[in-house]
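The block underneath contains the structure these notes are about, expressed in structure tokens.
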Amino acid sequence: MFDIDVKRKYTFNGGIHPHLDGKLVLPKKFIQLPLPDKVRIPLLQHIGGTAKPLVKVGDTVKTGQPIGEASGFVSAFIHSTISGKVTALKKLPVSVMKYGLCAEITSDGQDDKFWVHEKVDDWTKLDKETIKNRIFSAGIVGMGGAGFPTHVKLTPGDTKKIEFIIINGVECEPYLDADRDIMCTNPDKVIQGLQMVMSAIGCECGFIGIEKDKPDAISIIGDKLKDVRNIKLVPLEVKYPQGAEKQLIYSISKREIPQGALPMDVGALVINAATSTAIFEAVTENKPLIERSMTIAGNCLNESVNIRTRIGTIISSVINHLGGFKVQPAKAIMGGPMMGETLFSLDLPVTKTTSGLIFLAEEETNRYQMKPCIRCGRCVDICPAGISPAQIGQAVEFNNLQLAESLGIFNCIKCGCCSYVCPAKRELVQLIKLGEQQIKKNRGK
Amino acid sequence: MNTVFQTSPSPHIRTNDTITSIMWCVVISLIPALFFSIYNFGFIVLKPVSIAIVTAVIVELVILAIRKKELSTVLDGSAVLTGLLLAFNIPPDVPWWLPMIGSFVAIAVAKQAFGGIGYNIFNPALIGRAFLLAAWPVEMTTWQLNGVTGATPLGIFKEKGMDTLISKFANHSDMIWKLFYGEVGGCIGETSALLLLLGAGFLLYKKIITWHIPFSYIGTLFVFGWFFSGKGILNGDPWFYILSGGVFLGAFFMVTDMVTSPLTKKGKLIFGFGCGLLTFLIRKFGAYPEGVSYSILIMNAFTPIIDRYIVQKKFGSK
């Protein structure tokens with residue numbers, strides 16, 4: 001439906017090229033982590049309702065056994081990621097400043113599989129409902145960071161027609177590298193995962209978007225796509241936030257998603273490259289989502305690596321396995337440096353949406369005092385959402401929420417570009433988040 | 001591994017640019033023009049320049065102390081820049097107290113009374129100049145060059161016309177050349193378009209200013225000067241019009257002042273056009289030969305309304 005012209009620049013308005021300053025090196029190595037002794041599996045790792053627990057303390061579980069049942073349409077199944085005994089089922093620290101219901105499972109070291117390894121030779125014979133059901137019961141959610149349940153995306157309703165599906169092969173953020181790794185090592189899984197989704201919703205047009213700074217992934221995927229008629233590779237300009245859903249759809253199709261609308265409203269569907277391989281494994285092997293790849297980066301480590309580990313592995317044990325820290329880090333970030341959240345401790349589990357962990361030493365952390373806006377307009381120039389962070393930030397600061405709303409505070413995608421470029425070091429994203437929260441609170445009254 | 005880590009809102013990486021780096025870059029970009037001024041007018045110019053800068057810094061410090069603000073704010077370079085720009089906008093041979101009073105008005109009245117850096121509505125240095133021009137018109141319009149007192153090229157043009165002006169030079173192209181590299185009478189920092197352009201190039205390269213305001217400002221003046229500054233229509237001398245007076249100093253260092261100009265690119269183009277139009281109107285119909293500073297001050301007042309209505313297209317909106 002759209003012809004891909006290699007000479008054209010596929011990009012969006014605004015955005016930044018974050019300076020890397022040689023501060024962090026990209027991973028060169030891939031490590032498969034051994035089975036963890038203990039996992040802590042949160043029952044909410046997605047957008048939607050917390051899964052209903054299916055096990056109690058003392059139960060014996062196998063690898064891949066459902067331990068939480070989707071509590072509604074917008075929710076997802078949670079599986080045990082190792083075999084062993086449930087040693088706790090209570091509220092435990094799950095992420096930044098949050099406690100959530102978790103199942104703690106102690107490994108018996110056997111890794112007995114719960115699921116029947118039903119090898120499907122030709123998945124194209126499966127009907128649409130079977131594919132969707134397998135994705136649903138495998139507990140697959142968007143692995144790029146948002147964690148939106150995938151089966152919900154595949155059920156757009158009767159009024160919306162999905163015209164094209166995009167595989168997001170752009171790393172969401174600078175420094176992250178795990179998706180490139182997946183595309184280079186498992187190109188067939190990524191492509192077939194996309195084909196499964198296409199056949200499940202009856203869509204004939206697929207794209208795989210990869211940024212031009214990943215020539216290895218482009219050449220490997222491009223090679224595999226030579227004989228595939230209805231999937232096209234789109235080489236994208238290198239710019240942050242190219243991997244943001246709205247920006248990616250715009251870069252490829254020139255369609256803009258209005259504020260508050262979903263990709264399906266413009267006929268689009270975006271699936272992360274890692275999610276695509278998980279879909280492939282769920283459909284052909286019945287394998288639930290129990291492990292994921294991620295980038296562990298930072299000069300505090302002996303070296304930056306991409307790893308693959310079971311979901312629920314405690315971060316500190318991951319670091320121990322990698323040989324600990326060379327230098328004591330001052331900041332631990334879950335996700336990327338632009339939108340990631342800082343962790344106060346490493347006693348937290350890896351979840352379905354953990355795309356990376358970044359460790360910064362004291363001298364790499366930026367501590368600035370927020371100064372008044374000097375109205376340089378840089379944030380306005382680079383805002384991918386086309387709003388004026390400077391004015392909105394000031395409006396929130398002076399508690400003029402009505403003005404903030406009329407300036408488009410809800411259009412913000414929280415990409416962090418404005419805070420990045422601000423010479424006055426204003427916490428613009430933070431101010432916008434605060435303003436949105438207050439407006440929502442006032443509406444609730 | 002029970003260490004507690006720092007927590008902070010995202011993003012966790014930031015650009016190296018700061019207010020301080022921007023302000024000092026602008027100060028540096030004005031140095032070539034200052035050197036030319038010493039060559040053109042003699043070391044006498046260093047007196048008003050240093051008095052203006054020292055006064056600006058002292059006044060800023062005292063007011064920061066009174067307002068119980070952090071005194072280190074003075075190191076951000078904005079007070080030094082205001083003092084320097086004020087000095088650039090007064091004649092070289094002025095009594096010592098003139099730049100002192102100008103700097104005081106600029107910092108105390110135009111900047112700190114509004115809340116300090118970022119909150120001022122009008123360009124502080126230009127408010128200082130406007131105050132001096134209204135209070136001491138004679139001192140502010142006495143020009144000397146090479147020890148000879150005389151009117152500026154724009155003054156001669158306004159009073160006696162183009163022919164008299166050209167007769168002061170070898171010929172027309174000699175006049176344009178001298179106006180370009182700066183060997184004419186005028187304010188301390190405004191005469192050399194060449195060296196101001198050098199500084200402006202540095203600021204453009206450092207992405208501290210964008211082309212929008214200078215382009216629309218100088219472009220507007222060029223067109224209006226060409227169309228209406230001579231006898232009849234299309235008879236003006238556009239090159240003389242943009243090279244004389246404080247146009248280049250204004251276009252690259254005063255109109256582009258971040259705090260007092262609009263945020264969006266479109267807004268900046270409109271702002272530059274407004275300044276150009278007002279400069280032309282003041283030069284043509286006003287009592288003063290030059291209108292750069294007043295035109296900028298008037299347009300400063302329009303900045304909030306430009307920012308209110310000229311906004312960029314929101315992503316996803318029609």
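Each chain in the structure tokens gets a letter, A, B and so on, in the order shown; residues start at 1 in every chain, and ligands are counted from 1 in the order they appear.
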**OP:** Give as number ranges by chain every residue of chain A that touches chain B within 6 Å, counting only C-alpha atoms.
**Re:** A: 256-258, 330-331, 337-339, 342, 344-345, 372-377, 385-387, 416, 420-421, 423-424
Output the selection as a PDB file, in the first residue's frame - C-alpha atoms for each residue.
```pdb
ATOM      1  CA  GLU A 256      -0.827  11.423  12.516  1.00  0.00           C
ATOM      2  CA  ILE A 257      -2.580   9.951  15.514  1.00  0.00           C
ATOM      3  CA  PRO A 258      -4.675  12.635  17.232  1.00  0.00           C
ATOM      4  CA  ALA A 330      25.297   6.303  41.790  1.00  0.00           C
ATOM      5  CA  LYS A 331      22.240   5.787  39.650  1.00  0.00           C
ATOM      6  CA  PRO A 337      18.325   7.230  29.812  1.00  0.00           C
ATOM      7  CA  MET A 338      15.561   9.406  28.362  1.00  0.00           C
ATOM      8  CA  MET A 339      12.404   7.883  29.858  1.00  0.00           C
ATOM      9  CA  THR A 342      15.637   5.302  38.613  1.00  0.00           C
ATOM     10  CA  PHE A 344      16.475   2.946  44.674  1.00  0.00           C
ATOM     11  CA  SER A 345      17.664  -0.607  45.137  1.00  0.00           C
ATOM     12  CA  PRO A 372      14.097  30.283  35.257  1.00  0.00           C
ATOM     13  CA  CYS A 373      13.190  29.793  31.596  1.00  0.00           C
ATOM     14  CA  ILE A 374      15.174  32.097  29.309  1.00  0.00           C
ATOM     15  CA  ARG A 375      12.735  31.436  26.480  1.00  0.00           C
ATOM     16  CA  CYS A 376      15.360  30.213  24.034  1.00  0.00           C
ATOM     17  CA  GLY A 377      12.681  28.173  22.264  1.00  0.00           C
ATOM     18  CA  ALA A 385       4.347  16.438  19.809  1.00  0.00           C
ATOM     19  CA  GLY A 386       4.386  20.003  18.469  1.00  0.00           C
ATOM     20  CA  ILE A 387       3.605  21.658  21.787  1.00  0.00           C
ATOM     21  CA  GLY A 416      12.090  13.887  27.543  1.00  0.00           C
ATOM     22  CA  TYR A 420      17.328  17.197  27.499  1.00  0.00           C
ATOM     23  CA  VAL A 421      17.867  20.362  25.449  1.00  0.00           C
ATOM     24  CA  PRO A 423      19.918  25.140  28.937  1.00  0.00           C
ATOM     25  CA  ALA A 424      18.159  26.338  32.100  1.00  0.00           C
TER      26      ALA A 424
END
```
Which residues are close to Gly272 in chain B, i.e. within 9 Å by only C-alpha atoms, leaving aside same-chain residues fewer than 4 positions away? Reply as a JSON list (two decimals) with N, CA, C and O atoms, in the first residue's frame.
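Saved result, part.json, follows:
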```json
[["chain", "number", "residue", "atom", "x", "y", "z"],
["B", 212, "HIS", "N", 16.25, 33.15, 11.70],
["B", 212, "HIS", "CA", 14.91, 33.70, 11.42],
["B", 212, "HIS", "C", 14.79, 35.19, 11.69],
["B", 212, "HIS", "O", 14.33, 35.94, 10.84],
["B", 213, "ILE", "N", 15.15, 35.62, 12.91],
["B", 213, "ILE", "CA", 14.95, 37.03, 13.25],
["B", 213, "ILE", "C", 15.87, 37.94, 12.43],
["B", 213, "ILE", "O", 15.38, 38.89, 11.79],
["B", 214, "PRO", "N", 17.19, 37.70, 12.38],
["B", 214, "PRO", "CA", 18.05, 38.58, 11.58],
["B", 214, "PRO", "C", 17.60, 38.64, 10.12],
["B", 214, "PRO", "O", 17.58, 39.71, 9.52],
["B", 215, "PHE", "N", 17.22, 37.50, 9.58],
["B", 215, "PHE", "CA", 16.81, 37.47, 8.17],
["B", 215, "PHE", "C", 15.58, 38.34, 7.93],
["B", 215, "PHE", "O", 15.56, 39.18, 7.05],
["B", 216, "SER", "N", 14.54, 38.14, 8.76],
["B", 216, "SER", "CA", 13.32, 38.89, 8.49],
["B", 216, "SER", "C", 13.50, 40.37, 8.85],
["B", 216, "SER", "O", 12.93, 41.25, 8.21],
["B", 217, "TYR", "N", 14.34, 40.64, 9.84],
["B", 217, "TYR", "CA", 14.56, 42.04, 10.23],
["B", 217, "TYR", "C", 15.34, 42.80, 9.15],
["B", 217, "TYR", "O", 14.89, 43.82, 8.63],
["B", 218, "ILE", "N", 16.50, 42.27, 8.78],
["B", 218, "ILE", "CA", 17.33, 42.95, 7.78],
["B", 218, "ILE", "C", 16.63, 42.93, 6.42],
["B", 218, "ILE", "O", 16.63, 43.93, 5.69],
["B", 219, "GLY", "N", 15.98, 41.81, 6.12],
["B", 219, "GLY", "CA", 15.27, 41.71, 4.84],
["B", 219, "GLY", "C", 14.18, 42.76, 4.72],
["B", 219, "GLY", "O", 14.04, 43.43, 3.68],
["B", 220, "THR", "N", 13.40, 42.94, 5.79],
["B", 220, "THR", "CA", 12.33, 43.93, 5.78],
["B", 220, "THR", "C", 12.91, 45.34, 5.56],
["B", 220, "THR", "O", 12.41, 46.12, 4.74],
["B", 251, "ALA", "N", 20.20, 43.49, 14.82],
["B", 251, "ALA", "CA", 19.65, 42.28, 14.20],
["B", 251, "ALA", "C", 20.21, 41.00, 14.79],
["B", 251, "ALA", "O", 19.50, 40.01, 14.93],
["B", 255, "VAL", "N", 17.73, 42.06, 18.82],
["B", 255, "VAL", "CA", 16.42, 41.49, 18.49],
["B", 255, "VAL", "C", 16.40, 40.01, 18.84],
["B", 255, "VAL", "O", 15.37, 39.46, 19.21],
["B", 256, "THR", "N", 17.56, 39.36, 18.74],
["B", 256, "THR", "CA", 17.61, 37.93, 18.98],
["B", 256, "THR", "C", 17.67, 37.58, 20.47],
["B", 256, "THR", "O", 17.72, 36.40, 20.80],
["B", 267, "GLY", "N", 6.83, 32.81, 14.80],
["B", 267, "GLY", "CA", 6.74, 34.00, 15.64],
["B", 267, "GLY", "C", 7.97, 34.87, 15.47],
["B", 267, "GLY", "O", 7.88, 36.10, 15.46],
["B", 268, "LYS", "N", 9.14, 34.24, 15.34],
["B", 268, "LYS", "CA", 10.38, 34.99, 15.20],
["B", 268, "LYS", "C", 10.39, 35.75, 13.87],
["B", 268, "LYS", "O", 10.86, 36.90, 13.81],
["B", 276, "GLY", "N", 11.59, 45.48, 11.78],
["B", 276, "GLY", "CA", 12.07, 46.13, 10.55],
["B", 276, "GLY", "C", 11.14, 47.24, 10.12],
["B", 276, "GLY", "O", 11.57, 48.36, 9.78],
["B", 277, "LEU", "N", 9.84, 46.94, 10.16],
["B", 277, "LEU", "CA", 8.86, 47.93, 9.74],
["B", 277, "LEU", "C", 8.92, 49.17, 10.64],
["B", 277, "LEU", "O", 8.93, 50.30, 10.16],
["B", 296, "ILE", "N", 12.74, 47.79, 18.54],
["B", 296, "ILE", "CA", 12.86, 46.52, 19.26],
["B", 296, "ILE", "C", 12.06, 46.57, 20.57],
["B", 296, "ILE", "O", 11.35, 45.64, 20.92],
["B", 299, "MET", "N", 8.42, 46.17, 19.85],
["B", 299, "MET", "CA", 8.07, 44.79, 19.50],
["B", 299, "MET", "C", 8.18, 43.84, 20.70],
["B", 299, "MET", "O", 7.44, 42.86, 20.80]]
```
Original post:
Between A:Gly206, A:Gln247, A:Arg180, A:Pro174, which has the minimum distance to Ser219 in chain A (counting only C-alpha atoms)?
Top reply: A:Arg180
Original post:
Excluding same-chain residues fewer than 6 positions from range 149-165 of chain B, what lies within 6 Å of it counting only C-alpha atoms, as a VMD selection string?
Top reply: chain B and resid 143 185 to 186 289
Please write the residues from the selection above to a file, keeping N, CA and C atoms, as an mmCIF file, in the first residue's frame.
```cif
data_model
loop_
_atom_site.group_PDB
_atom_site.id
_atom_site.type_symbol
_atom_site.label_atom_id
_atom_site.label_comp_id
_atom_site.auth_asym_id
_atom_site.auth_seq_id
_atom_site.Cartn_x
_atom_site.Cartn_y
_atom_site.Cartn_z
ATOM 1 N N TRP B 143 28.762 62.863 18.546
ATOM 2 C CA TRP B 143 29.608 61.814 17.996
ATOM 3 C C TRP B 143 30.964 62.372 17.656
ATOM 4 N N GLY B 185 31.341 57.296 12.000
ATOM 5 C CA GLY B 185 30.941 57.675 13.349
ATOM 6 C C GLY B 185 29.722 56.875 13.774
ATOM 7 N N GLY B 186 29.522 56.807 15.102
ATOM 8 C CA GLY B 186 28.345 56.090 15.600
ATOM 9 C C GLY B 186 28.580 55.628 17.019
ATOM 10 N N PRO B 289 17.000 60.176 13.797
ATOM 11 C CA PRO B 289 17.526 59.572 12.574
ATOM 12 C C PRO B 289 17.542 58.052 12.640
#
```
Subject >> Residues of range 142-299 of chain B in helix (DSSP H, G or I), written as a ChimeraX atom specification >> reply: /B:153-160,162-167,172-181,193-205,212-228,238-243,247-254,265-285,292-299
Original post:
Skipping near chain neighbours, those fewer than 3 positions away, what residues fall within 10 Å of Asp93 in chain B using only C-alpha atoms, listed as an MDAnalysis selection string?
Top reply: chainID B and resid 41 44:45 47:48 90 96 139:140 142:145 147 149 187:188
I need the chosen residues saved as a PDB file, in the first residue's frame, with N, CA, C and O atoms.
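Writing the result to out04.pdb gives the following:
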```pdb
ATOM      1  N   PHE B  41      37.855  54.274  17.335  1.00  0.00           N
ATOM      2  CA  PHE B  41      37.656  55.446  18.194  1.00  0.00           C
ATOM      3  C   PHE B  41      38.809  55.672  19.170  1.00  0.00           C
ATOM      4  O   PHE B  41      38.869  56.690  19.834  1.00  0.00           O
ATOM      5  N   ILE B  44      39.819  55.210  24.250  1.00  0.00           N
ATOM      6  CA  ILE B  44      38.808  55.930  25.019  1.00  0.00           C
ATOM      7  C   ILE B  44      37.544  55.092  25.233  1.00  0.00           C
ATOM      8  O   ILE B  44      36.868  55.205  26.256  1.00  0.00           O
ATOM      9  N   VAL B  45      37.253  54.180  24.272  1.00  0.00           N
ATOM     10  CA  VAL B  45      36.013  53.398  24.400  1.00  0.00           C
ATOM     11  C   VAL B  45      36.063  52.435  25.577  1.00  0.00           C
ATOM     12  O   VAL B  45      35.025  52.010  26.085  1.00  0.00           O
ATOM     13  N   LYS B  47      36.779  53.020  28.521  1.00  0.00           N
ATOM     14  CA  LYS B  47      36.260  53.647  29.745  1.00  0.00           C
ATOM     15  C   LYS B  47      34.755  53.389  29.892  1.00  0.00           C
ATOM     16  O   LYS B  47      34.347  52.765  30.887  1.00  0.00           O
ATOM     17  N   PRO B  48      33.924  53.818  28.937  1.00  0.00           N
ATOM     18  CA  PRO B  48      32.488  53.517  29.109  1.00  0.00           C
ATOM     19  C   PRO B  48      32.190  52.023  29.157  1.00  0.00           C
ATOM     20  O   PRO B  48      31.304  51.597  29.914  1.00  0.00           O
ATOM     21  N   ILE B  90      26.051  53.367  23.188  1.00  0.00           N
ATOM     22  CA  ILE B  90      26.210  54.788  23.513  1.00  0.00           C
ATOM     23  C   ILE B  90      27.417  55.332  22.746  1.00  0.00           C
ATOM     24  O   ILE B  90      28.287  54.562  22.338  1.00  0.00           O
ATOM     25  N   TRP B  96      31.703  59.971  32.286  1.00  0.00           N
ATOM     26  CA  TRP B  96      31.812  58.664  32.936  1.00  0.00           C
ATOM     27  C   TRP B  96      30.532  58.213  33.614  1.00  0.00           C
ATOM     28  O   TRP B  96      30.259  57.021  33.758  1.00  0.00           O
ATOM     29  N   GLU B 139      24.294  64.683  25.235  1.00  0.00           N
ATOM     30  CA  GLU B 139      25.424  63.789  25.436  1.00  0.00           C
ATOM     31  C   GLU B 139      25.289  62.518  24.607  1.00  0.00           C
ATOM     32  O   GLU B 139      26.285  61.959  24.156  1.00  0.00           O
ATOM     33  N   MET B 140      24.052  62.068  24.423  1.00  0.00           N
ATOM     34  CA  MET B 140      23.846  60.798  23.731  1.00  0.00           C
ATOM     35  C   MET B 140      23.898  60.941  22.212  1.00  0.00           C
ATOM     36  O   MET B 140      23.824  59.952  21.495  1.00  0.00           O
ATOM     37  N   THR B 142      26.209  63.224  20.648  1.00  0.00           N
ATOM     38  CA  THR B 142      27.430  63.906  20.240  1.00  0.00           C
ATOM     39  C   THR B 142      28.442  62.863  19.806  1.00  0.00           C
ATOM     40  O   THR B 142      28.863  62.033  20.601  1.00  0.00           O
ATOM     41  N   TRP B 143      28.762  62.863  18.546  1.00  0.00           N
ATOM     42  CA  TRP B 143      29.608  61.814  17.996  1.00  0.00           C
ATOM     43  C   TRP B 143      30.964  62.372  17.656  1.00  0.00           C
ATOM     44  O   TRP B 143      31.097  63.454  17.147  1.00  0.00           O
ATOM     45  N   GLN B 144      32.004  61.616  17.944  1.00  0.00           N
ATOM     46  CA  GLN B 144      33.313  62.034  17.478  1.00  0.00           C
ATOM     47  C   GLN B 144      33.996  60.875  16.777  1.00  0.00           C
ATOM     48  O   GLN B 144      33.798  59.714  17.097  1.00  0.00           O
ATOM     49  N   LEU B 145      34.774  61.234  15.757  1.00  0.00           N
ATOM     50  CA  LEU B 145      35.571  60.233  15.060  1.00  0.00           C
ATOM     51  C   LEU B 145      36.896  60.872  14.717  1.00  0.00           C
ATOM     52  O   LEU B 145      36.932  61.969  14.147  1.00  0.00           O
ATOM     53  N   GLY B 147      38.834  62.449  16.605  1.00  0.00           N
ATOM     54  CA  GLY B 147      38.937  63.742  17.256  1.00  0.00           C
ATOM     55  C   GLY B 147      38.026  64.808  16.688  1.00  0.00           C
ATOM     56  O   GLY B 147      37.995  65.927  17.160  1.00  0.00           O
ATOM     57  N   THR B 149      34.258  66.145  15.903  1.00  0.00           N
ATOM     58  CA  THR B 149      32.869  65.922  16.246  1.00  0.00           C
ATOM     59  C   THR B 149      32.005  66.095  15.002  1.00  0.00           C
ATOM     60  O   THR B 149      32.206  67.016  14.218  1.00  0.00           O
ATOM     61  N   CYS B 187      27.688  54.747  17.503  1.00  0.00           N
ATOM     62  CA  CYS B 187      27.856  54.204  18.844  1.00  0.00           C
ATOM     63  C   CYS B 187      29.055  53.258  18.885  1.00  0.00           C
ATOM     64  O   CYS B 187      29.528  52.785  17.848  1.00  0.00           O
ATOM     65  N   ILE B 188      29.505  52.964  20.098  1.00  0.00           N
ATOM     66  CA  ILE B 188      30.742  52.206  20.284  1.00  0.00           C
ATOM     67  C   ILE B 188      30.770  50.911  19.490  1.00  0.00           C
ATOM     68  O   ILE B 188      31.725  50.617  18.776  1.00  0.00           O
TER      69      ILE B 188
END
```
Original post:
Skipping near chain neighbours, those fewer than 5 positions away, what residues fall within 12 Å of Ser173 in chain B using only C-alpha atoms, listed as a PyMOL selection string?
Top reply: chain B and resi 166-167+178-180+237+239-240
Original post:
Do you know which residues are at most 12 Å from Val197 in chain A counting only C-alpha atoms, after dropping those on the same chain fewer than 3 positions away, and could you put them as a VMD selection string?
Top reply: chain A and resid 123 to 124 127 to 135 150 to 151 153 to 155 162 164 to 167 190 to 194 200 to 206 269 to 272 275 to 280 282 to 283
Subject >> Residue neighbourhood Trp226 in chain B, 10 Å, only C-alpha atoms, exclusion window fewer than 4 positions, as an MDAnalysis selection string >> reply: chainID B and resid 220:222 230 233:242
**OP:** Select, from B:Ser72, B:Asp174, B:Phe302, B:Glu183, the residue with the minimum atom-to-atom distance to Ile38 in chain B, counting only C-alpha atoms.
**Re:**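 Residue with the minimum atom-to-atom distance to Ile38 in chain B: B:Glu183.
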**OP:** Rounded to one decimal place, report the CA of Ile31 in chain A-CA of Asn306 in chain A distance in Å.
**Re:** 6.3 Å
Original post:
Smallest atom-to-atom distance to Phe253 in chain B: which of B:Leu204, B:Met100, B:Ala108, B:Val74, using only C-alpha atoms?
Top reply: B:Leu204
**OP:** Go through range 63-266 of chain A and collect every residue that DSSP, computed from the backbone, puts in strand (DSSP E); the answer should be as an NGL selection string.
**Re:** :A and (66-69 or 78-79 or 84-95 or 98-107 or 164-168 or 206-211 or 231-236)
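Proximity ranking of A:Lys212, A:Lys161, A:Lys425, A:Arg310 relative to Lys352 in chain A places A:Arg310 first, based on only C-alpha atoms.
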**OP:** Mind giving me the straight-line distance from CA of Ala244 in chain A to CA of Val6 in chain A in Å, one decimal?
**Re:** 21.5 Å
Subject >> Atomic distance CA of Lys440 in chain A - CA of Arg255 in chain A, expressed in Å with one decimal >> reply: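 Here the two named atoms are 28.3 Å from each other.
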